[in-house]
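Asks: My structure is below; once you've seen it, I'll send some questions.
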Amino acid sequence: MYDYGKCETCDTPLEEKNIQQDFWIKDKLVVIEKVPAGVCPQCGEKVVNAEVGEHIAALLKDSNRINKAPTISVPLIKYEPETVAV
């Protein structure tokens, strides 16, 4: 288990969790799942250590792997302020 220390935003100890991290690469949304990160239970700030960051960078450079990865569907909602019920 990695010691992530305290949150830089609110000084609360970070807890290790697996998260989903999303990136936009050339107008394409890429989601990496099960990323080990330090997560603040107070404000939600997320931090990864250097080793994880380097591995993510390598994954994102592998366009062949990205092109072969399964895809997911996400809702696309237009921002139309006059139609939003409050």
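So you can find residues: chains in the structure tokens are A, B, ... in the order shown, residues in each start at 1, and ligands are numbered from 1 in order.
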So that I can see what lies close to stretch 13-20 of chain A, please list as JSON, numbers by chain the residues with an atom at most 8 Å from it, counting only C-alpha atoms and leaving out residues fewer than 4 positions away in the same chain.

Replies: {"A": [1, 2, 4, 5, 6, 7, 31, 32, 33, 34, 35, 36, 37, 38, 39, 40, 41]}

Asks: Residues within 12 Å of A:Lys26, please, as a ChimeraX atom specification. Count only C-alpha atoms; anything in the same chain fewer than 6 positions from it doesn't count.

Replies: /A:60-61,63,66

Asks: Limited to C-alpha atoms, could you put the picked residues into a file as a PDB file, in the first residue's frame?

Replies:
ATOM      1  CA  LEU A  60      -1.991   6.568 -23.790  1.00  0.00           C
ATOM      2  CA  LYS A  61       0.905   6.490 -26.290  1.00  0.00           C
ATOM      3  CA  SER A  63      -2.564   3.905 -30.208  1.00  0.00           C
ATOM      4  CA  ILE A  66      -6.448   2.153 -27.717  1.00  0.00           C
TER       5      ILE A  66
END

Asks: Could you tell me, as a PyMOL selection string, which residues of chain A DSSP assigns to strand (DSSP E or B) when given the backbone?

Replies: chain A and resi 6+13+15-25+28-39+46-47

Asks: Could you give me, as a VMD selection string, each residue of chain A that DSSP assigns to helix (DSSP H, G or I) when run on this structure's backbone?

Replies: chain A and resid 50 to 61 63 to 68 81 to 83

Asks: I'd like the interatomic distance between atom CA of A:Glu51 and atom CA of A:Asn64, to a tenth of an Å.

Replies: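 So the answer is 22.1 Å.
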
Asks: List the neighbours of A:Asp62 out to 12 Å using only C-alpha atoms; skip same-chain residues closer than 6 positions along the sequence, and give me the result as a list in words.

Replies: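 The residues that qualify are Ile25, Val30, His55, Ile56, Lys68 and Ala69 of chain A.
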
Asks: Any chance you could export the current selection's N, CA and C atoms as a compact mmCIF listing (two decimals), in the first residue's frame?

Replies:
# COMPACT_ATOMS: atom_id res chain seq x y z
N ILE A 25 -8.02 12.25 -26.12
CA ILE A 25 -6.89 12.08 -27.01
C ILE A 25 -7.40 12.24 -28.44
N VAL A 30 -10.90 8.52 -23.82
CA VAL A 30 -10.29 7.26 -23.41
C VAL A 30 -10.42 7.16 -21.89
N HIS A 55 3.05 4.83 -16.14
CA HIS A 55 2.35 3.72 -16.79
C HIS A 55 1.15 4.23 -17.59
N ILE A 56 0.41 5.18 -17.03
CA ILE A 56 -0.71 5.78 -17.77
C ILE A 56 -0.22 6.45 -19.05
N LYS A 68 -7.85 -1.07 -30.27
CA LYS A 68 -8.37 -2.43 -30.07
C LYS A 68 -9.20 -2.56 -28.80
N ALA A 69 -9.19 -1.55 -27.95
CA ALA A 69 -9.89 -1.63 -26.66
C ALA A 69 -11.40 -1.64 -26.86
